[in-house]
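**Q** Dumping the structure here so I can ask a few things about it.
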Amino acid sequence: MEFTAQQIADLLGGEIQGNPLVKVSDFSKIEEGKPGTLSFLSNPKYSQFIYESQASIVLVNKDFHPEKEVQATLIRVEDAYHSLATLLSLVDQTKPKKTGISPLAFVSESANIGENAYIQPFVYIGESVIIGKNARIHPNCSIENGAVLGENVTLYSGVKVYNDCVIGNNCILHSGAVIGSDGFGFAPNGDGSYKKIPQMGNVVLEDNVEIGANSIVDRATLGSTTIRKGVKIDNLVQIAHNVEVGENTVIAAQTGISGSTKLGKQCILAGQVGLAGHLQIADGTIFGAQTGVPNSVKIPNQTLQGYPAIPVMNFHKSAIVHKNLPELQKLIYAMQKRIEELENKIK
Amino acid sequence: MEFTAQQIADLLGGEIQGNPLVKVSDFSKIEEGKPGTLSFLSNPKYSQFIYESQASIVLVNKDFHPEKEVQATLIRVEDAYHSLATLLSLVDQTKPKKTGISPLAFVSESANIGENAYIQPFVYIGESVIIGKNARIHPNCSIENGAVLGENVTLYSGVKVYNDCVIGNNCILHSGAVIGSDGFGFAPNGDGSYKKIPQMGNVVLEDNVEIGANSIVDRATLGSTTIRKGVKIDNLVQIAHNVEVGENTVIAAQTGISGSTKLGKQCILAGQVGLAGHLQIADGTIFGAQTGVPNSVKIPNQTLQGYPAIPVMNFHKSAIVHKNLPELQKLIYAMQKRIEELENKIK
Amino acid sequence: MEFTAQQIADLLGGEIQGNPLVKVSDFSKIEEGKPGTLSFLSNPKYSQFIYESQASIVLVNKDFHPEKEVQATLIRVEDAYHSLATLLSLVDQTKPKKTGISPLAFVSESANIGENAYIQPFVYIGESVIIGKNARIHPNCSIENGAVLGENVTLYSGVKVYNDCVIGNNCILHSGAVIGSDGFGFAPNGDGSYKKIPQMGNVVLEDNVEIGANSIVDRATLGSTTIRKGVKIDNLVQIAHNVEVGENTVIAAQTGISGSTKLGKQCILAGQVGLAGHLQIADGTIFGAQTGVPNSVKIPNQTLQGYPAIPVMNFHKSAIVHKNLPELQKLIYAMQKRIEELENKIK
């Protein structure tokens with residue numbers, strides 16, 4: 001399929017600067033732009049590439065002002081990254097979607113599979129499982145007894161859903177994600193060994209949640225571990241038992257949240273962040289990469305970093321001094337000597 | 001099933017405060033307690049909820065002294081969390097357990113499967129594998145040639161056991177756990193590339209070990225990577241080749257232990273801890289969250305945190321000063337100036 | 001099979017010190033050396049064990065000078081670890097290799113499987129997949145539509161390769177590794193929720209790449225996430241979308257690299273390192289364990305550690321002062337008092 005700049009601008013409500021008749025049939029990264037493709041510029045770090053790019057069309061933000069001549073036709077939109085998402089989604093939707101249940105899948109007699117489901121080989125669907133319409137279940141997934149999946153759910157290959165967990169509409173789970181494994185709960189026996197606390201609760205993912213590859217959401221001891229609607233979780237993330245993650249919170253790769261902690265709405269957790277258990281984190285909190293959070297955060301909309309997490313401006317200031325500590329220590333010892341000399345003189 | 005407070009107290013050896021005839025048929029979290037359910041109070045952070053809880057019975061520690069009137073019937077026990085585990089285990093044991101080998105599993109002719117095993121679809125059991133009685137193998141597990149599983153072992157869906165690994169009695173492995181993948185060993189070739197060191201050893205999990213979802217125990221280069229009895233490992237943990245983890249040590253999520261390190265007994269590693277290779281860690285060592293451990297720990301029963309790991313009291317003191325570094329630096333520069341002024345006056 | 005010291009020395013081009021006729025038929029770790037086995041000494045931390053080891057032969061580096069009498073026959077080689085790799089590889093190659101496609105695997109009609117492939121039960125191979133000769137695909141792997149695997153590729157159980165990804169010759173992927181999952185890309189909708197950016201690119205692993213268990217390489221938004229030849233990646237590593245990892249770079253467990261970052265050649269990343277997105281890291285950079293990297297590294301061949309990453313010598317110096325911060329703060333306050341006293345005297 002080919003589209004003109006005019007057609008794309010009309011679709012996105014954008015403004016054309018350049019030739020409205022130029023045609024594209026594919027996408028490219030701006031630093032690898034080829035003729036006949038559409039590229040985008042959103043992150044200013046990549047602005048340098050727009051002047052050499054061979055892409056025929058480049059989506060840019062309304063406020064982009066080229067410093068040199070640009071060969072490509074520009075389409076100015078409110079948010080180039082968002083408009084790119086719109087275009088890519090359109091292309092994605094044109095791909096034919098298969099349906100049907102593979103004869104190499106195992107579906108329990110008591111399971112209920114919605115219409116237009118696509119269930120691939122070596123998928124296991126246990127007793128009393130309910131799967132909504134338009135589900136796409138890739139190979140080697142296991143959905144155990146009593147689990148419930150909403151409509152338009154995609155499970156990539158090798159996703160495991162333990163018994164009795166609930167997955168909302170439009171959720172996307174990437175390969176190797178585990179939903180509903182046992183929370184890590186043990187009571188000391190007094191002789192050094194531990195007694196397992198059976199984990200009798202479940203996991204509830206609300207609508208529009210995305211879970212990254214090999215990420216884990218543990219089931220609650222009692223009640224539910226709950227991921228609210230719109231939450232986006234990256235790869236290799238650990239969500240412990242009884243945690244609650246608030247609406248539209250975003251969690252980057254390799255972050256871990258300990259048991260019973262409650263995260264507010266619209267939080268952003270960068271990569272490799274760790275939160276202790278039983279905390280309350282206010283709405284809109286942002287944690288920088290590798291932050292350690294031993295205490296609750298009560299004031300909303302703060303950006304925190306470091307261990308223990310402190311306001312990010314203070315963190316950066318402390319980091320600068322930290323780098324300089326050996327020099328500072330030398331200075332202190334030198335000052336100590338000068339004070340001694342002064343004291344000797346004045347004595 | 002319904003039980004009276006009296007029946008439960010008798011079972012747990014607890015003391016009733018309130019109505020011994022009140023009945024419960026389910027469990028609830030204390031902050032969501034409903035009539036007809038039993039709840040528990042173990043962590044003092046949650047004490048506030050006991051006064052409003054609608055739970056009919058609450059298990060509490062012997063030394064709990066309510067500050068206000070409590071509506072629920074209390075059962076006082078030595079350790080409320082441990083007693084909860086006892087009750088949940090009893091309920092868990094009443095669930096009917098299926099047995100049998102699915103015709104959709106692959107079992108090598110030379111494999112030996114113990115009685116009462118339950119083996120689900122798409123499980124692969126390789127040559128000469130031995131599986132003890134009462135095994136529960138969920139779908140999509142792979143147990144490769146020569147592996148040996150003891151009695152009462154549970155593998156949740158998608159567990160992978162490489163060839164020749166040994167899993168003791170009563171072990172529980174959660175979804176996506178990998179036992180016996182190659183250790184990360186490469187020798188430089190001199191031209192910048194690396195030569196793989198074949199990993200010829202195996203992994204031995206002793207009895208009563210639990211391994212979390214997507215955690216990994218790498219096989220030894222030679223000999224065994226060994227996880228001693230009673231060890232509990234959370235999700236997304238990395239145990240490198242030739243490591244030994246001592247009895248009843250507990251390792252929280254996302255922690256990593258580098259090659260050939262030997263951890264003592266009864267250690268506790270919090271989340272996101274990292275240990276360098278070839279270390280010896282004394283019995284009873286506790287590492288706080290996100291601790292980095294570059295050196296061996298010789299004195300047992302210490303609590304350490306930070307990078308490099310130091311005694312936790314010192315860590316907290318340093319952290320407080322760290323937060324204050326920019327102010328301290330200003331103070332130092334101001335003092336420097338005052339010393340100069342003094343020196344000028346006295347010259 | 002039995003070999004004499006003479007035969008092994010001839011094979012490795014080594015020099016014998018001791019009995020050239022002593023025979024071995026197995027390997028052992030030096031600290032667990034048994035008669036009739038060959039052991040090795042490479043890491044000087046283990047030198048103490050050579051004097052008590054019961055191993056019949058020990059491979060040592062040319063420059064090893066025993067401080068006491070050694071009972072074993074020594075074979076002196078350029079690099080004992082590299083020579084061990086050679087011997088282990090030889091033994092490994094003598095193991096019989098099965099071939100053939102299991103009738104319990106699913107292979108699309110349009111897939112193309114090279115000669116001598118070994119494809120185990122419950123493997124899914126999608127449409128138009130191409131697999132080179134001598135592939136070894138363990139159970140429960142999924143290779144989705146349009147993926148291409150080179151020659152001599154090994155996928156251990158439960159590896160997932162998403163559609164259209166490319167895996168070079170001689171690559172080894174360990175259990176649970178995920179190649180080609182969606183990059184973590186979302187554009188804000190303005191109401192707090194996020195719009196998914198479809199990830200239309202792929203992943204390319206060049207030749208001789210090894211990927212650890214449960215590690216992930218995300219597909220690019222556009223273009224390719226690229227892992228250059230000879231790269232070795234340990235377990236539980238996260239490689240985000242559009243990343244490029246340069247030739248022969250080595251990445252230890254639990255490290256994460258954020259989107260669009262470009263790592264140079266011959267870098268070494270220790271465990272639990274985190275890199276921010278859109279960075280450029282110079283060739284030969286070494287990052288110590290748990291390092292956080294917020295900025296590009298322009299000078300090659302540096303060793304950096306800490307957050308933010310600084311030269312490792314400075315890091316260690318700062319760490320020493322950091323431990324001492326509470327004492328230093330006390331000293332500063334004491335000095336402040338002494339300055340005040342001096343000022344009062346001189347006023």
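Here's how to read the names in the structure tokens: chain A, B, ... by the order shown, residue numbers from 1 in each chain, ligand numbers from 1 in the order shown.
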Find the residues near Gly190 (chain A): any atom within 12 Å, counting only C-alpha atoms, skip ones fewer than 6 places away on the same chain, and give them as an MDAnalysis selection string.
**A** chainID B and resid 78:79 82 248 266
**Q** Applying 8 Å and only C-alpha atoms, which residues near region 152-165 of chain A remain after dropping the ones on its own chain fewer than 3 positions away? List them as a ChimeraX atom specification.
**A** /A:132-149,168-181,202-204 /B:157-158,175 /C:142,158,160
**Q** Export C-alpha atoms of the chosen residues as a short mmCIF file (atom, residue, chain, number, x, y, z; two decimals), in the first residue's frame?
**A**
data_model
loop_
_atom_site.label_atom_id
_atom_site.label_comp_id
_atom_site.auth_asym_id
_atom_site.auth_seq_id
_atom_site.Cartn_x
_atom_site.Cartn_y
_atom_site.Cartn_z
CA GLY A 132 -13.47 -14.02 25.95
CA LYS A 133 -13.87 -13.39 22.27
CA ASN A 134 -10.98 -12.59 19.91
CA ALA A 135 -8.37 -14.14 22.22
CA ARG A 136 -5.00 -14.86 20.60
CA ILE A 137 -3.17 -17.57 22.51
CA HIS A 138 0.28 -18.39 21.08
CA PRO A 139 1.94 -21.82 21.44
CA ASN A 140 2.94 -23.45 24.71
CA CYS A 141 0.78 -21.28 26.99
CA SER A 142 -0.81 -22.81 30.11
CA ILE A 143 -4.05 -21.43 31.49
CA GLU A 144 -4.95 -23.41 34.55
CA ASN A 145 -8.25 -24.33 36.17
CA GLY A 146 -10.71 -21.58 36.84
CA ALA A 147 -8.77 -18.76 35.21
CA VAL A 148 -10.82 -16.09 33.40
CA LEU A 149 -9.60 -14.07 30.39
CA GLY A 168 -9.15 -8.15 31.88
CA ASN A 169 -10.09 -7.06 28.37
CA ASN A 170 -7.41 -6.04 25.86
CA CYS A 171 -4.55 -7.25 28.04
CA ILE A 172 -1.30 -8.25 26.33
CA LEU A 173 1.05 -10.68 28.06
CA HIS A 174 4.47 -11.33 26.58
CA SER A 175 6.34 -14.61 26.39
CA GLY A 176 7.24 -16.25 29.65
CA ALA A 177 5.12 -13.93 31.80
CA VAL A 178 3.81 -15.72 34.90
CA ILE A 179 0.53 -14.68 36.49
CA GLY A 180 -0.43 -16.15 39.84
CA SER A 181 2.64 -17.96 41.14
CA ASN A 202 -5.35 -14.85 43.13
CA VAL A 203 -4.21 -12.14 40.71
CA VAL A 204 -6.52 -9.68 38.99
CA SER B 157 3.82 -25.05 34.24
CA GLY B 158 6.82 -24.41 32.05
CA SER B 175 6.59 -21.57 36.52
CA SER C 142 8.16 -21.76 19.87
CA GLY C 158 11.15 -23.35 26.27
CA LYS C 160 10.59 -18.38 22.37
#
**Q** Just how far from CA of Gln329 (chain A) is CA of Asn344 (chain C), in Å to one decimal?
**A**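 Separation between CA of Asn344 (chain C) and CA of Gln329 (chain A): 26.3 Å.
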**Q** Hey, list the chain C side of the contact with chain A: 8 Å cut-off, only C-alpha atoms, answer as a VMD selection string.
**A** chain C and resid 106 122 124 140 to 142 158 160 176 178 181 to 182 184 187 to 189 192 to 198 200 214 216 222 to 223 236 238 254 256 274 292 307 to 308 310 314 to 315 317 to 318 321 to 322 328 332 335 338 to 339 342
**Q** Would you give me, as a ChimeraX atom specification, the residues in region 167-320 of chain C that DSSP reads as strand (DSSP E or B)?
**A** /C:167,172-173,178-181,186-188,194-196,202-205,210-211,216-218,224-227,232-233,238-239,244-245,250-251,256-257,262-263,268-269,274-275,280-281,286-287,292-293,297,303-305,310-311
**Q** List as a compact mmCIF listing (two decimals) with all heavy atoms, in the first residue's frame the protein and nucleic acid residues near Thr37 (chain B), meaning an atom at most 12 Å away when only C-alpha atoms are counted, but skip any in the same chain fewer than 2 places from it.
**A**
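Once written, part.txt looks like this:
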# COMPACT_ATOMS: atom_id res chain seq x y z
N LEU A 222 -4.21 -14.09 50.72
CA LEU A 222 -5.68 -14.05 50.79
C LEU A 222 -6.10 -12.85 49.96
O LEU A 222 -5.40 -11.84 49.92
CB LEU A 222 -6.14 -13.85 52.24
CG LEU A 222 -5.70 -14.91 53.24
CD1 LEU A 222 -6.04 -14.47 54.67
CD2 LEU A 222 -6.39 -16.24 52.94
N MET B 1 -17.15 -26.04 54.49
CA MET B 1 -16.91 -26.47 55.88
C MET B 1 -16.96 -25.28 56.83
O MET B 1 -16.41 -24.23 56.51
CB MET B 1 -15.54 -27.14 55.97
CG MET B 1 -15.54 -28.53 55.37
SD MET B 1 -13.89 -29.22 55.49
CE MET B 1 -12.99 -27.94 54.58
N GLU B 2 -17.55 -25.50 57.95
CA GLU B 2 -17.60 -24.47 58.99
C GLU B 2 -16.89 -24.97 60.24
O GLU B 2 -16.97 -26.14 60.58
CB GLU B 2 -19.07 -24.20 59.36
CG GLU B 2 -19.70 -23.09 58.55
CD GLU B 2 -21.02 -22.67 59.19
OE1 GLU B 2 -21.58 -23.46 60.00
OE2 GLU B 2 -21.47 -21.55 58.91
N PHE B 3 -16.23 -24.05 60.92
CA PHE B 3 -15.58 -24.41 62.16
C PHE B 3 -15.91 -23.34 63.21
O PHE B 3 -16.02 -22.16 62.89
CB PHE B 3 -14.06 -24.48 61.98
CG PHE B 3 -13.63 -25.56 61.03
CD1 PHE B 3 -13.46 -25.30 59.68
CD2 PHE B 3 -13.43 -26.86 61.50
CE1 PHE B 3 -13.08 -26.30 58.81
CE2 PHE B 3 -13.05 -27.87 60.62
CZ PHE B 3 -12.88 -27.59 59.28
N THR B 4 -16.01 -23.78 64.47
CA THR B 4 -16.22 -22.81 65.54
C THR B 4 -14.87 -22.32 66.05
O THR B 4 -13.83 -22.98 65.85
CB THR B 4 -16.96 -23.44 66.73
OG1 THR B 4 -16.12 -24.48 67.27
CG2 THR B 4 -18.31 -24.01 66.32
N ALA B 5 -14.87 -21.19 66.70
CA ALA B 5 -13.66 -20.66 67.33
C ALA B 5 -13.07 -21.71 68.27
O ALA B 5 -11.85 -21.89 68.34
CB ALA B 5 -13.98 -19.37 68.08
N VAL B 22 -18.77 -18.86 67.79
CA VAL B 22 -18.87 -18.17 66.50
C VAL B 22 -18.22 -19.04 65.43
O VAL B 22 -17.22 -19.72 65.67
CB VAL B 22 -18.23 -16.77 66.58
CG1 VAL B 22 -16.73 -16.85 66.80
CG2 VAL B 22 -18.55 -15.97 65.34
N LYS B 23 -18.85 -19.06 64.23
CA LYS B 23 -18.41 -19.97 63.18
C LYS B 23 -17.82 -19.21 61.98
O LYS B 23 -18.28 -18.11 61.64
CB LYS B 23 -19.60 -20.77 62.66
CG LYS B 23 -20.07 -21.83 63.65
CD LYS B 23 -21.30 -22.53 63.11
CE LYS B 23 -21.80 -23.56 64.11
NZ LYS B 23 -23.08 -24.16 63.68
N VAL B 24 -16.83 -19.82 61.35
CA VAL B 24 -16.25 -19.26 60.12
C VAL B 24 -16.16 -20.36 59.06
O VAL B 24 -16.05 -21.54 59.38
CB VAL B 24 -14.83 -18.66 60.35
CG1 VAL B 24 -14.91 -17.43 61.23
CG2 VAL B 24 -13.89 -19.71 60.93
N SER B 25 -16.19 -19.92 57.79
CA SER B 25 -16.10 -20.89 56.70
C SER B 25 -15.09 -20.44 55.63
O SER B 25 -14.96 -21.07 54.60
CB SER B 25 -17.46 -21.08 56.04
OG SER B 25 -17.91 -19.84 55.53
N ASP B 26 -14.41 -19.32 55.91
CA ASP B 26 -13.44 -18.83 54.92
C ASP B 26 -12.42 -17.94 55.63
O ASP B 26 -12.55 -17.65 56.83
CB ASP B 26 -14.18 -18.03 53.82
CG ASP B 26 -13.37 -17.94 52.52
OD1 ASP B 26 -12.22 -18.43 52.48
OD2 ASP B 26 -13.90 -17.37 51.55
N PHE B 27 -11.41 -17.48 54.85
CA PHE B 27 -10.39 -16.59 55.38
C PHE B 27 -10.58 -15.19 54.79
O PHE B 27 -11.19 -15.02 53.75
CB PHE B 27 -8.99 -17.09 54.96
CG PHE B 27 -8.64 -18.43 55.52
CD1 PHE B 27 -8.96 -19.59 54.84
CD2 PHE B 27 -8.00 -18.53 56.75
CE1 PHE B 27 -8.63 -20.84 55.36
CE2 PHE B 27 -7.66 -19.77 57.27
CZ PHE B 27 -7.98 -20.93 56.57
N SER B 28 -10.04 -14.18 55.46
CA SER B 28 -10.01 -12.85 54.86
C SER B 28 -8.81 -12.08 55.40
O SER B 28 -8.27 -12.40 56.46
CB SER B 28 -11.30 -12.08 55.17
OG SER B 28 -11.41 -11.86 56.57
N LYS B 29 -8.38 -11.07 54.64
CA LYS B 29 -7.36 -10.16 55.14
C LYS B 29 -8.02 -9.25 56.18
O LYS B 29 -9.19 -8.89 56.04
CB LYS B 29 -6.81 -9.29 54.00
CG LYS B 29 -5.99 -10.06 53.01
CD LYS B 29 -5.13 -9.14 52.17
CE LYS B 29 -5.95 -8.55 51.02
NZ LYS B 29 -5.09 -7.79 50.08
N ILE B 30 -7.25 -8.86 57.19
CA ILE B 30 -7.86 -8.12 58.29
C ILE B 30 -8.45 -6.80 57.81
O ILE B 30 -9.50 -6.36 58.29
CB ILE B 30 -6.84 -7.93 59.44
CG1 ILE B 30 -7.58 -7.48 60.69
CG2 ILE B 30 -5.72 -6.97 59.05
CD1 ILE B 30 -6.83 -7.80 61.94
N GLU B 32 -9.89 -6.29 55.08
CA GLU B 32 -11.07 -6.56 54.26
C GLU B 32 -11.96 -7.61 54.94
O GLU B 32 -12.70 -8.34 54.28
CB GLU B 32 -10.65 -7.11 52.89
CG GLU B 32 -9.75 -6.19 52.09
CD GLU B 32 -9.19 -6.85 50.83
OE1 GLU B 32 -9.38 -8.09 50.66
OE2 GLU B 32 -8.55 -6.15 50.04
N GLY B 33 -11.84 -7.72 56.26
CA GLY B 33 -12.51 -8.78 57.01
C GLY B 33 -14.03 -8.77 56.83
O GLY B 33 -14.65 -7.71 56.88
N LYS B 34 -14.60 -9.95 56.60
CA LYS B 34 -16.05 -10.07 56.46
C LYS B 34 -16.60 -11.02 57.50
O LYS B 34 -15.89 -11.93 57.93
CB LYS B 34 -16.38 -10.61 55.06
CG LYS B 34 -16.26 -9.57 53.96
CD LYS B 34 -16.39 -10.23 52.60
CE LYS B 34 -15.29 -9.72 51.68
NZ LYS B 34 -14.77 -10.72 50.77
N PRO B 35 -17.87 -10.86 57.91
CA PRO B 35 -18.48 -11.79 58.86
C PRO B 35 -18.41 -13.22 58.32
O PRO B 35 -18.53 -13.43 57.11
CB PRO B 35 -19.94 -11.32 58.95
CG PRO B 35 -19.92 -9.89 58.49
CD PRO B 35 -18.80 -9.79 57.50
N SER B 39 -9.58 -14.10 60.20
CA SER B 39 -8.50 -13.24 59.76
C SER B 39 -7.34 -13.40 60.73
O SER B 39 -7.42 -14.16 61.70
CB SER B 39 -9.00 -11.80 59.71
OG SER B 39 -8.16 -11.03 58.88
N PHE B 40 -6.22 -12.69 60.46
CA PHE B 40 -5.08 -12.81 61.38
C PHE B 40 -4.38 -11.46 61.47
O PHE B 40 -4.47 -10.63 60.58
CB PHE B 40 -4.11 -13.89 60.90
CG PHE B 40 -3.27 -13.47 59.73
CD1 PHE B 40 -1.91 -13.15 59.89
CD2 PHE B 40 -3.82 -13.38 58.46
CE1 PHE B 40 -1.14 -12.76 58.80
CE2 PHE B 40 -3.06 -12.98 57.37
CZ PHE B 40 -1.71 -12.67 57.54
N SER B 53 -12.39 -4.31 61.85
CA SER B 53 -12.56 -5.51 61.03
C SER B 53 -13.89 -6.20 61.33
O SER B 53 -14.30 -6.33 62.47
CB SER B 53 -11.41 -6.49 61.27
OG SER B 53 -11.53 -7.58 60.38
N GLN B 54 -14.55 -6.64 60.25
CA GLN B 54 -15.81 -7.38 60.39
C GLN B 54 -15.57 -8.88 60.50
O GLN B 54 -16.51 -9.66 60.61
CB GLN B 54 -16.71 -7.13 59.16
CG GLN B 54 -17.09 -5.67 58.97
CD GLN B 54 -18.02 -5.21 60.08
OE1 GLN B 54 -18.99 -5.87 60.41
NE2 GLN B 54 -17.67 -4.10 60.71
N ALA B 55 -14.30 -9.32 60.45
CA ALA B 55 -14.00 -10.75 60.56
C ALA B 55 -14.58 -11.29 61.86
O ALA B 55 -14.59 -10.61 62.89
CB ALA B 55 -12.49 -10.98 60.51
N SER B 56 -15.08 -12.52 61.84
CA SER B 56 -15.68 -13.10 63.04
C SER B 56 -14.64 -13.58 64.02
O SER B 56 -14.85 -13.55 65.23
CB SER B 56 -16.58 -14.27 62.64
OG SER B 56 -17.61 -13.81 61.78
N ILE B 57 -13.51 -14.06 63.50
CA ILE B 57 -12.42 -14.53 64.35
C ILE B 57 -11.13 -13.90 63.85
O ILE B 57 -10.91 -13.79 62.65
CB ILE B 57 -12.27 -16.07 64.29
CG1 ILE B 57 -13.58 -16.75 64.70
CG2 ILE B 57 -11.11 -16.56 65.15
CD1 ILE B 57 -13.56 -18.28 64.60
N VAL B 58 -10.27 -13.48 64.78
CA VAL B 58 -8.93 -13.02 64.39
C VAL B 58 -7.89 -13.77 65.21
O VAL B 58 -7.97 -13.80 66.45
CB VAL B 58 -8.75 -11.50 64.60
CG1 VAL B 58 -7.36 -11.05 64.14
CG2 VAL B 58 -9.83 -10.71 63.85
N LEU B 59 -6.94 -14.40 64.50
CA LEU B 59 -5.78 -15.00 65.16
C LEU B 59 -4.82 -13.89 65.54
O LEU B 59 -4.46 -13.07 64.69
CB LEU B 59 -5.03 -15.93 64.20
CG LEU B 59 -5.66 -17.21 63.72
CD1 LEU B 59 -4.66 -17.96 62.81
CD2 LEU B 59 -6.04 -18.08 64.90
N ALA B 72 -14.39 -8.81 67.08
CA ALA B 72 -14.15 -10.20 66.70
C ALA B 72 -13.79 -11.04 67.92
O ALA B 72 -13.29 -10.52 68.92
CB ALA B 72 -13.01 -10.27 65.69
N THR B 73 -14.04 -12.32 67.80
CA THR B 73 -13.50 -13.27 68.77
C THR B 73 -12.01 -13.43 68.46
O THR B 73 -11.64 -13.65 67.31
CB THR B 73 -14.21 -14.62 68.63
OG1 THR B 73 -15.56 -14.44 69.06
CG2 THR B 73 -13.52 -15.70 69.46
**Q** Separation of CA of Arg76 (chain B) and CA of Gln93 (chain B), in Å?
**A**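 These atoms are spaced 24.1 Å apart.
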**Q** Give the answer as one residue: which of B:Thr226, B:Gln280, B:Thr99, B:Ser296 has the shortest atom-to-atom distance to Ile167 (chain B), using only C-alpha atoms?
**A**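 Checking each of B:Thr226, B:Gln280, B:Thr99, B:Ser296 against Ile167 (chain B), counting only C-alpha atoms, the winner is B:Thr226.
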**Q** Just to confirm, what's the straight-line distance from CA of Ile268 (chain C) to CA of Gly259 (chain B) in Å (one decimal)?
**A**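 CA of Gly259 (chain B) lies 16.3 Å from CA of Ile268 (chain C).
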